[in-house]
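**Q** I am sharing target-v9.cif, which consists of mmCIF, C-alpha atoms:
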```cif
data_work
#
loop_
_atom_site.group_PDB
_atom_site.id
_atom_site.type_symbol
_atom_site.label_atom_id
_atom_site.label_comp_id
_atom_site.auth_asym_id
_atom_site.auth_seq_id
_atom_site.Cartn_x
_atom_site.Cartn_y
_atom_site.Cartn_z
ATOM 1 C CA MET A 3 -47.022 -7.217 60.696
ATOM 2 C CA ALA A 4 -49.010 -4.710 58.702
ATOM 3 C CA LEU A 5 -52.153 -2.661 59.006
ATOM 4 C CA LEU A 6 -54.612 -3.646 56.285
ATOM 5 C CA PRO A 7 -57.092 -1.268 54.629
ATOM 6 C CA ILE A 8 -60.689 -1.948 55.732
ATOM 7 C CA LEU A 9 -63.362 -1.908 53.024
ATOM 8 C CA ARG A 10 -66.256 0.490 53.672
ATOM 9 C CA PHE A 11 -69.904 -0.260 53.043
ATOM 10 C CA PRO A 12 -71.396 -0.176 50.372
ATOM 11 C CA ASP A 13 -68.236 -1.462 48.636
ATOM 12 C CA PRO A 14 -69.384 -4.409 46.472
ATOM 13 C CA ARG A 15 -66.351 -6.482 47.544
ATOM 14 C CA LEU A 16 -68.036 -6.837 50.959
ATOM 15 C CA HIS A 17 -70.585 -9.075 49.210
ATOM 16 C CA ILE A 18 -68.083 -11.642 47.932
ATOM 17 C CA LYS A 19 -68.545 -15.018 49.597
ATOM 18 C CA ALA A 20 -65.295 -16.188 51.204
ATOM 19 C CA ALA A 21 -63.726 -19.510 50.189
ATOM 20 C CA PRO A 22 -62.682 -22.138 52.737
ATOM 21 C CA VAL A 23 -59.013 -22.217 53.735
ATOM 22 C CA ALA A 24 -57.460 -25.378 52.269
ATOM 23 C CA VAL A 25 -54.347 -25.410 54.474
ATOM 24 C CA VAL A 26 -53.490 -23.376 57.572
ATOM 25 C CA ASP A 27 -49.950 -22.381 56.626
ATOM 26 C CA ASP A 28 -47.591 -19.464 57.277
ATOM 27 C CA SER A 29 -49.484 -17.194 54.854
ATOM 28 C CA ILE A 30 -52.721 -17.742 56.806
ATOM 29 C CA ARG A 31 -50.931 -17.174 60.124
ATOM 30 C CA ARG A 32 -49.474 -13.923 58.719
ATOM 31 C CA LEU A 33 -52.982 -12.892 57.609
ATOM 32 C CA VAL A 34 -54.268 -13.617 61.141
ATOM 33 C CA ARG A 35 -51.513 -11.457 62.702
ATOM 34 C CA ASP A 36 -52.146 -8.599 60.256
ATOM 35 C CA MET A 37 -55.915 -8.812 60.800
ATOM 36 C CA ALA A 38 -55.472 -8.753 64.583
ATOM 37 C CA GLU A 39 -53.187 -5.717 64.387
ATOM 38 C CA THR A 40 -55.680 -3.983 62.082
ATOM 39 C CA MET A 41 -58.627 -4.813 64.373
ATOM 40 C CA TYR A 42 -56.847 -3.504 67.492
ATOM 41 C CA ALA A 43 -55.703 -0.319 65.719
ATOM 42 C CA ALA A 44 -59.161 0.465 64.299
ATOM 43 C CA PRO A 45 -60.221 -0.119 67.212
ATOM 44 C CA GLY A 46 -62.659 -3.002 67.022
ATOM 45 C CA ILE A 47 -63.539 -6.348 68.605
ATOM 46 C CA GLY A 48 -63.877 -8.449 65.461
ATOM 47 C CA LEU A 49 -62.678 -8.538 61.875
ATOM 48 C CA ALA A 50 -63.427 -10.888 58.991
ATOM 49 C CA ALA A 51 -60.963 -11.380 56.133
ATOM 50 C CA THR A 52 -63.640 -10.173 53.700
ATOM 51 C CA GLN A 53 -63.425 -6.733 55.333
ATOM 52 C CA VAL A 54 -59.759 -6.454 54.322
ATOM 53 C CA ASN A 55 -60.489 -7.722 50.782
ATOM 54 C CA VAL A 56 -59.161 -11.240 51.406
ATOM 55 C CA HIS A 57 -61.901 -13.690 50.526
ATOM 56 C CA LYS A 58 -60.920 -16.588 52.771
ATOM 57 C CA ARG A 59 -62.895 -17.920 55.752
ATOM 58 C CA VAL A 60 -60.767 -16.287 58.476
ATOM 59 C CA VAL A 61 -62.046 -14.270 61.456
ATOM 60 C CA VAL A 62 -60.312 -12.698 64.463
ATOM 61 C CA ILE A 63 -62.216 -11.636 67.581
ATOM 62 C CA ASP A 64 -61.196 -10.199 70.937
ATOM 63 C CA VAL A 65 -63.963 -9.104 73.297
ATOM 64 C CA SER A 66 -61.608 -8.783 76.301
ATOM 65 C CA ASP A 67 -61.052 -5.408 77.946
ATOM 66 C CA ASP A 68 -57.257 -5.715 77.826
ATOM 67 C CA HIS A 69 -56.792 -7.059 74.267
ATOM 68 C CA ASN A 70 -55.447 -10.271 75.746
ATOM 69 C CA GLY A 71 -58.125 -12.686 74.504
ATOM 70 C CA LEU A 72 -57.576 -13.051 70.770
ATOM 71 C CA LEU A 73 -59.651 -15.827 69.218
ATOM 72 C CA VAL A 74 -59.021 -17.092 65.695
ATOM 73 C CA PHE A 75 -61.726 -18.850 63.691
ATOM 74 C CA ILE A 76 -60.742 -20.466 60.388
ATOM 75 C CA ASN A 77 -63.452 -22.203 58.322
ATOM 76 C CA ALA A 78 -65.853 -21.605 61.209
ATOM 77 C CA GLU A 79 -69.395 -22.871 61.137
ATOM 78 C CA ILE A 80 -72.205 -22.503 63.622
ATOM 79 C CA ILE A 81 -73.329 -26.042 64.386
ATOM 80 C CA GLU A 82 -76.004 -25.193 66.971
ATOM 81 C CA LYS A 83 -77.799 -22.063 68.090
ATOM 82 C CA SER A 84 -80.700 -21.173 70.323
ATOM 83 C CA GLY A 85 -82.645 -18.296 71.780
ATOM 84 C CA GLU A 86 -82.961 -14.817 70.438
ATOM 85 C CA CYS A 87 -81.609 -11.483 71.552
ATOM 86 C CA ASP A 88 -81.529 -7.901 70.347
ATOM 87 C CA SER A 89 -78.011 -6.532 70.233
ATOM 88 C CA GLU A 90 -76.696 -3.131 69.313
ATOM 89 C CA GLU A 91 -74.017 -3.649 66.715
ATOM 90 C CA GLY A 92 -71.430 -1.532 65.004
ATOM 91 C CA CYS A 93 -68.936 -2.452 62.298
ATOM 92 C CA LEU A 94 -65.516 -1.299 61.169
ATOM 93 C CA SER A 95 -66.854 -1.355 57.585
ATOM 94 C CA VAL A 96 -69.813 0.876 58.512
ATOM 95 C CA PRO A 97 -68.165 3.594 60.620
ATOM 96 C CA GLY A 98 -70.314 5.655 62.950
ATOM 97 C CA VAL A 99 -73.406 3.463 62.578
ATOM 98 C CA HIS A 100 -74.864 1.488 65.479
ATOM 99 C CA GLU A 101 -78.158 -0.350 65.083
ATOM 100 C CA THR A 102 -80.087 -3.105 66.838
ATOM 101 C CA VAL A 103 -80.079 -6.538 65.172
ATOM 102 C CA LYS A 104 -81.762 -9.808 66.194
ATOM 103 C CA ARG A 105 -79.304 -12.662 66.693
ATOM 104 C CA ALA A 106 -79.247 -16.081 68.313
ATOM 105 C CA GLU A 107 -78.579 -15.746 72.038
ATOM 106 C CA TRP A 108 -76.315 -18.825 72.209
ATOM 107 C CA VAL A 109 -74.141 -20.501 69.559
ATOM 108 C CA LYS A 110 -71.884 -23.505 69.282
ATOM 109 C CA VAL A 111 -69.184 -23.022 66.694
ATOM 110 C CA ARG A 112 -66.646 -25.423 65.185
ATOM 111 C CA ALA A 113 -63.512 -24.023 63.571
ATOM 112 C CA LEU A 114 -59.781 -24.376 63.095
ATOM 113 C CA ASN A 115 -57.356 -22.296 65.146
ATOM 114 C CA GLU A 116 -54.170 -20.682 63.783
ATOM 115 C CA LYS A 117 -52.359 -24.028 64.201
ATOM 116 C CA GLY A 118 -54.936 -25.800 62.046
ATOM 117 C CA GLU A 119 -56.411 -27.664 65.032
ATOM 118 C CA VAL A 120 -60.168 -28.244 65.229
ATOM 119 C CA PHE A 121 -61.975 -26.792 68.245
ATOM 120 C CA GLU A 122 -65.532 -26.210 69.364
ATOM 121 C CA LEU A 123 -66.794 -23.322 71.461
ATOM 122 C CA ASP A 124 -70.156 -22.839 73.221
ATOM 123 C CA THR A 125 -70.828 -19.185 73.979
ATOM 124 C CA ASP A 126 -73.441 -16.531 74.536
ATOM 125 C CA GLY A 127 -73.550 -12.786 75.032
ATOM 126 C CA LEU A 128 -71.220 -10.434 73.197
ATOM 127 C CA LEU A 129 -68.965 -13.201 71.869
ATOM 128 C CA ALA A 130 -71.923 -15.104 70.365
ATOM 129 C CA VAL A 131 -73.166 -11.928 68.679
ATOM 130 C CA CYS A 132 -69.684 -11.091 67.404
ATOM 131 C CA ILE A 133 -69.193 -14.583 65.932
ATOM 132 C CA GLN A 134 -72.507 -14.352 64.070
ATOM 133 C CA HIS A 135 -71.680 -10.837 62.833
ATOM 134 C CA GLU A 136 -68.241 -11.834 61.518
ATOM 135 C CA LEU A 137 -69.447 -15.080 59.906
ATOM 136 C CA ASP A 138 -72.085 -13.016 58.089
ATOM 137 C CA HIS A 139 -69.209 -11.027 56.539
ATOM 138 C CA LEU A 140 -67.692 -14.262 55.215
ATOM 139 C CA ASP A 141 -71.039 -15.008 53.570
ATOM 140 C CA GLY A 142 -71.127 -11.548 51.965
ATOM 141 C CA LYS A 143 -73.624 -9.941 54.342
ATOM 142 C CA VAL A 144 -73.169 -6.708 56.314
ATOM 143 C CA PHE A 145 -75.190 -6.211 59.517
ATOM 144 C CA VAL A 146 -77.033 -3.136 58.190
ATOM 145 C CA GLU A 147 -78.669 -5.391 55.595
ATOM 146 C CA TYR A 148 -80.857 -6.769 58.414
ATOM 147 C CA LEU A 149 -82.420 -3.318 58.779
ATOM 148 C CA SER A 150 -85.429 -1.856 56.978
ATOM 149 C CA ARG A 151 -84.938 -0.665 53.408
ATOM 150 C CA LEU A 152 -85.432 2.915 54.556
ATOM 151 C CA LYS A 153 -82.744 2.723 57.254
ATOM 152 C CA LEU A 154 -80.375 0.943 54.860
ATOM 153 C CA SER A 155 -80.922 3.592 52.196
ATOM 154 C CA ARG A 156 -80.221 6.397 54.687
ATOM 155 C CA ILE A 157 -77.026 4.691 55.896
ATOM 156 C CA LYS A 158 -75.772 4.193 52.309
ATOM 157 C CA SER A 159 -76.480 7.841 51.473
ATOM 158 C CA LYS A 160 -74.720 9.076 54.612
ATOM 159 C CA LEU A 161 -71.599 6.947 53.978
ATOM 160 C CA LEU A 162 -71.413 7.844 50.283
ATOM 161 C CA LYS A 163 -71.707 11.548 51.152
ATOM 162 C CA GLN A 164 -68.910 11.189 53.737
ATOM 163 C CA ALA A 165 -66.735 9.493 51.112
ATOM 164 C CA GLN A 166 -67.453 12.249 48.570
ATOM 165 C CA ASP A 167 -66.610 14.885 51.169
ATOM 166 C CA GLY A 168 -63.299 13.125 51.760
ATOM 167 C CA LYS A 169 -64.064 12.174 55.369
ATOM 168 C CA THR A 170 -63.620 8.440 54.783
ATOM 169 C CA ALA A 171 -62.577 6.197 51.958
ATOM 170 C CA PRO A 172 -65.539 4.503 50.209
#
```
So that I can check it, write out the structure of this file as structure tokens.

**A**
Amino acid sequence: MALLPILRFPDPRLHIKAAPVAVVDDSIRRLVRDMAETMYAAPGIGLAATQVNVHKRVVVIDVSDDHNGLLVFINAEIIEKSGECDSEEGCLSVPGVHETVKRAEWVKVRALNEKGEVFELDTDGLLAVCIQHELDHLDGKVFVEYLSRLKLSRIKSKLLKQAQDGKTAP
């Protein structure tokens, strides 16, 4: 397994739309393992392949307290959603930034697991928010893009300044 470099906003590669996975094979399973290791080391609770510059529809999520609840979503799609909630979100690609975003309160998702088997999951709360956040990445959208233009501009400036000062990679 290997730690993968995480792209930092406003890197334009974060806006590339991910392609569906044609076959869940050993290379995809290796990507899943590497993404999980990267997510845990960061530390984070979710990671989309787009964030590690792999433009395939692969997401790993673990909202458990003991890192014992890894979920893998390949070619995931939200097939139902309802309600609305405000959630404070952060992102491994936007370090140090936490902002409130409106999301669906409940989602039903259909995806493939790491064995290539289809499954469906009904969920709410943190997991529902995390799924929506990570699927946005696969569609080339970063959570801060839901914010006002002023907030987004300030966040971009702050992150670019940090990168110039050598605090983080751009």

**Q** Could you tell me, as an mmCIF file with C-alpha atoms, keeping the file's coordinate frame, which residues have any atom at most 12 Å from (-64.3, -21.3, 61.2), counting only C-alpha atoms?

**A**
```cif
data_model
loop_
_atom_site.group_PDB
_atom_site.id
_atom_site.type_symbol
_atom_site.label_atom_id
_atom_site.label_comp_id
_atom_site.auth_asym_id
_atom_site.auth_seq_id
_atom_site.Cartn_x
_atom_site.Cartn_y
_atom_site.Cartn_z
ATOM 1 C CA ALA A 20 -65.295 -16.188 51.204
ATOM 2 C CA ALA A 21 -63.726 -19.510 50.189
ATOM 3 C CA PRO A 22 -62.682 -22.138 52.737
ATOM 4 C CA VAL A 23 -59.013 -22.217 53.735
ATOM 5 C CA ALA A 24 -57.460 -25.378 52.269
ATOM 6 C CA VAL A 26 -53.490 -23.376 57.572
ATOM 7 C CA ALA A 50 -63.427 -10.888 58.991
ATOM 8 C CA ALA A 51 -60.963 -11.380 56.133
ATOM 9 C CA LYS A 58 -60.920 -16.588 52.771
ATOM 10 C CA ARG A 59 -62.895 -17.920 55.752
ATOM 11 C CA VAL A 60 -60.767 -16.287 58.476
ATOM 12 C CA VAL A 61 -62.046 -14.270 61.456
ATOM 13 C CA VAL A 62 -60.312 -12.698 64.463
ATOM 14 C CA ILE A 63 -62.216 -11.636 67.581
ATOM 15 C CA LEU A 73 -59.651 -15.827 69.218
ATOM 16 C CA VAL A 74 -59.021 -17.092 65.695
ATOM 17 C CA PHE A 75 -61.726 -18.850 63.691
ATOM 18 C CA ILE A 76 -60.742 -20.466 60.388
ATOM 19 C CA ASN A 77 -63.452 -22.203 58.322
ATOM 20 C CA ALA A 78 -65.853 -21.605 61.209
ATOM 21 C CA GLU A 79 -69.395 -22.871 61.137
ATOM 22 C CA ILE A 80 -72.205 -22.503 63.622
ATOM 23 C CA ILE A 81 -73.329 -26.042 64.386
ATOM 24 C CA LYS A 110 -71.884 -23.505 69.282
ATOM 25 C CA VAL A 111 -69.184 -23.022 66.694
ATOM 26 C CA ARG A 112 -66.646 -25.423 65.185
ATOM 27 C CA ALA A 113 -63.512 -24.023 63.571
ATOM 28 C CA LEU A 114 -59.781 -24.376 63.095
ATOM 29 C CA ASN A 115 -57.356 -22.296 65.146
ATOM 30 C CA GLU A 116 -54.170 -20.682 63.783
ATOM 31 C CA GLY A 118 -54.936 -25.800 62.046
ATOM 32 C CA GLU A 119 -56.411 -27.664 65.032
ATOM 33 C CA VAL A 120 -60.168 -28.244 65.229
ATOM 34 C CA PHE A 121 -61.975 -26.792 68.245
ATOM 35 C CA GLU A 122 -65.532 -26.210 69.364
ATOM 36 C CA LEU A 123 -66.794 -23.322 71.461
ATOM 37 C CA ILE A 133 -69.193 -14.583 65.932
ATOM 38 C CA GLN A 134 -72.507 -14.352 64.070
ATOM 39 C CA GLU A 136 -68.241 -11.834 61.518
ATOM 40 C CA LEU A 137 -69.447 -15.080 59.906
ATOM 41 C CA ASP A 138 -72.085 -13.016 58.089
ATOM 42 C CA LEU A 140 -67.692 -14.262 55.215
ATOM 43 C CA ASP A 141 -71.039 -15.008 53.570
#
```

**Q** Point out the residue among A:Ala130, A:Val109, A:Val54, A:Val103 with the least atom-to-atom distance to A:Glu82, counting all atoms listed in the file.

**A** A:Val109

**Q** Can you work out which one of A:Leu154, A:Ala4, A:Asp124, A:Gly92 has the shortest atom-to-atom distance to A:Leu33, counting only C-alpha atoms?

**A**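 Once distances to A:Leu33 are computed over only C-alpha atoms, the minimum belongs to A:Ala4.
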
**Q** Using all atoms listed in the file, which of A:Asp167, A:Glu107, A:Asp13, A:Asp64 sits nearest A:Gly85?

**A** A:Glu107

**Q** Could you tell me, as number ranges by chain, exactly which residues end up selected when the PyMOL selection byres ((chain A and resi 146) around 10) is applied to this structure?

**A** A: 11, 91-93, 96, 99-103, 143-145, 147-151, 153-155, 157-158

**Q** So how many Å separate atom CA of A:Pro97 and atom CA of A:Ser84, to one decimal?

**A**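 Computing it gives 29.4 Å between the two atoms.
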
**Q** With the input short on atoms, add all heavy atoms back to stretch 106-117 of chain A and write it as a tab-separated table (two decimals), in the coordinates of the input.

**A**
```tsv
chain	number	residue	atom	x	y	z
A	106	ALA	N	-79.10	-14.97	67.38
A	106	ALA	CA	-79.25	-16.08	68.31
A	106	ALA	C	-78.55	-15.68	69.61
A	106	ALA	O	-77.50	-15.02	69.60
A	106	ALA	CB	-78.63	-17.35	67.75
A	107	GLU	N	-79.13	-16.09	70.73
A	107	GLU	CA	-78.58	-15.75	72.04
A	107	GLU	C	-77.37	-16.61	72.38
A	107	GLU	O	-76.44	-16.18	73.07
A	107	GLU	CB	-79.67	-15.94	73.08
A	107	GLU	CG	-79.31	-15.48	74.46
A	107	GLU	CD	-80.51	-15.59	75.39
A	107	GLU	OE1	-81.28	-16.56	75.28
A	107	GLU	OE2	-80.65	-14.69	76.23
A	108	TRP	N	-77.37	-17.86	71.90
A	108	TRP	CA	-76.32	-18.82	72.21
A	108	TRP	C	-75.92	-19.54	70.92
A	108	TRP	O	-76.78	-19.84	70.08
A	108	TRP	CB	-76.84	-19.84	73.22
A	108	TRP	CG	-75.93	-21.01	73.46
A	108	TRP	CD1	-74.92	-21.09	74.37
A	108	TRP	CD2	-75.94	-22.27	72.79
A	108	TRP	NE1	-74.31	-22.32	74.30
A	108	TRP	CE2	-74.92	-23.06	73.33
A	108	TRP	CE3	-76.72	-22.81	71.76
A	108	TRP	CZ2	-74.63	-24.36	72.89
A	108	TRP	CZ3	-76.44	-24.10	71.31
A	108	TRP	CH2	-75.42	-24.86	71.88
A	109	VAL	N	-74.62	-19.76	70.73
A	109	VAL	CA	-74.14	-20.50	69.56
A	109	VAL	C	-73.07	-21.50	69.98
A	109	VAL	O	-72.36	-21.31	70.97
A	109	VAL	CB	-73.55	-19.58	68.46
A	109	VAL	CG1	-74.60	-18.64	67.91
A	109	VAL	CG2	-72.34	-18.81	68.94
A	110	LYS	N	-72.99	-22.56	69.19
A	110	LYS	CA	-71.88	-23.50	69.28
A	110	LYS	C	-71.21	-23.47	67.92
A	110	LYS	O	-71.85	-23.67	66.89
A	110	LYS	CB	-72.39	-24.92	69.59
A	110	LYS	CG	-71.28	-25.94	69.73
A	110	LYS	CD	-71.85	-27.29	70.15
A	110	LYS	CE	-70.74	-28.25	70.52
A	110	LYS	NZ	-71.32	-29.49	71.11
A	111	VAL	N	-69.93	-23.18	67.93
A	111	VAL	CA	-69.18	-23.02	66.69
A	111	VAL	C	-68.06	-24.04	66.64
A	111	VAL	O	-67.47	-24.39	67.67
A	111	VAL	CB	-68.65	-21.57	66.55
A	111	VAL	CG1	-67.66	-21.22	67.63
A	111	VAL	CG2	-68.03	-21.31	65.20
A	112	ARG	N	-67.79	-24.53	65.43
A	112	ARG	CA	-66.65	-25.42	65.18
A	112	ARG	C	-65.76	-24.72	64.16
A	112	ARG	O	-66.25	-24.19	63.16
A	112	ARG	CB	-67.11	-26.77	64.62
A	112	ARG	CG	-65.94	-27.72	64.34
A	112	ARG	CD	-66.38	-29.03	63.73
A	112	ARG	NE	-67.30	-29.73	64.62
A	112	ARG	CZ	-68.45	-30.28	64.24
A	112	ARG	NH1	-68.85	-30.20	62.98
A	112	ARG	NH2	-69.22	-30.91	65.10
A	113	ALA	N	-64.45	-24.72	64.45
A	113	ALA	CA	-63.51	-24.02	63.57
A	113	ALA	C	-62.12	-24.62	63.73
A	113	ALA	O	-61.89	-25.51	64.56
A	113	ALA	CB	-63.48	-22.54	63.92
A	114	LEU	N	-61.20	-24.09	62.94
A	114	LEU	CA	-59.78	-24.38	63.10
A	114	LEU	C	-59.14	-23.17	63.76
A	114	LEU	O	-59.54	-22.03	63.51
A	114	LEU	CB	-59.11	-24.61	61.74
A	114	LEU	CG	-59.65	-25.73	60.86
A	114	LEU	CD1	-58.95	-25.70	59.50
A	114	LEU	CD2	-59.46	-27.07	61.53
A	115	ASN	N	-58.12	-23.41	64.59
A	115	ASN	CA	-57.36	-22.30	65.15
A	115	ASN	C	-56.17	-22.00	64.22
A	115	ASN	O	-56.05	-22.60	63.15
A	115	ASN	CB	-56.92	-22.58	66.59
A	115	ASN	CG	-55.97	-23.77	66.70
A	115	ASN	OD1	-55.34	-24.21	65.72
A	115	ASN	ND2	-55.86	-24.32	67.90
A	116	GLU	N	-55.30	-21.08	64.64
A	116	GLU	CA	-54.17	-20.68	63.78
A	116	GLU	C	-53.13	-21.79	63.61
A	116	GLU	O	-52.26	-21.69	62.76
A	116	GLU	CB	-53.51	-19.39	64.30
A	116	GLU	CG	-52.84	-19.52	65.63
A	116	GLU	CD	-53.77	-19.35	66.83
A	116	GLU	OE1	-55.01	-19.36	66.67
A	116	GLU	OE2	-53.25	-19.22	67.94
A	117	LYS	N	-53.25	-22.87	64.38
A	117	LYS	CA	-52.36	-24.03	64.20
A	117	LYS	C	-52.99	-25.08	63.31
A	117	LYS	O	-52.39	-26.12	63.06
A	117	LYS	CB	-52.03	-24.65	65.57
A	117	LYS	CG	-51.26	-23.73	66.49
A	117	LYS	CD	-51.07	-24.37	67.85
A	117	LYS	CE	-50.44	-23.39	68.82
A	117	LYS	NZ	-50.45	-23.91	70.19
```
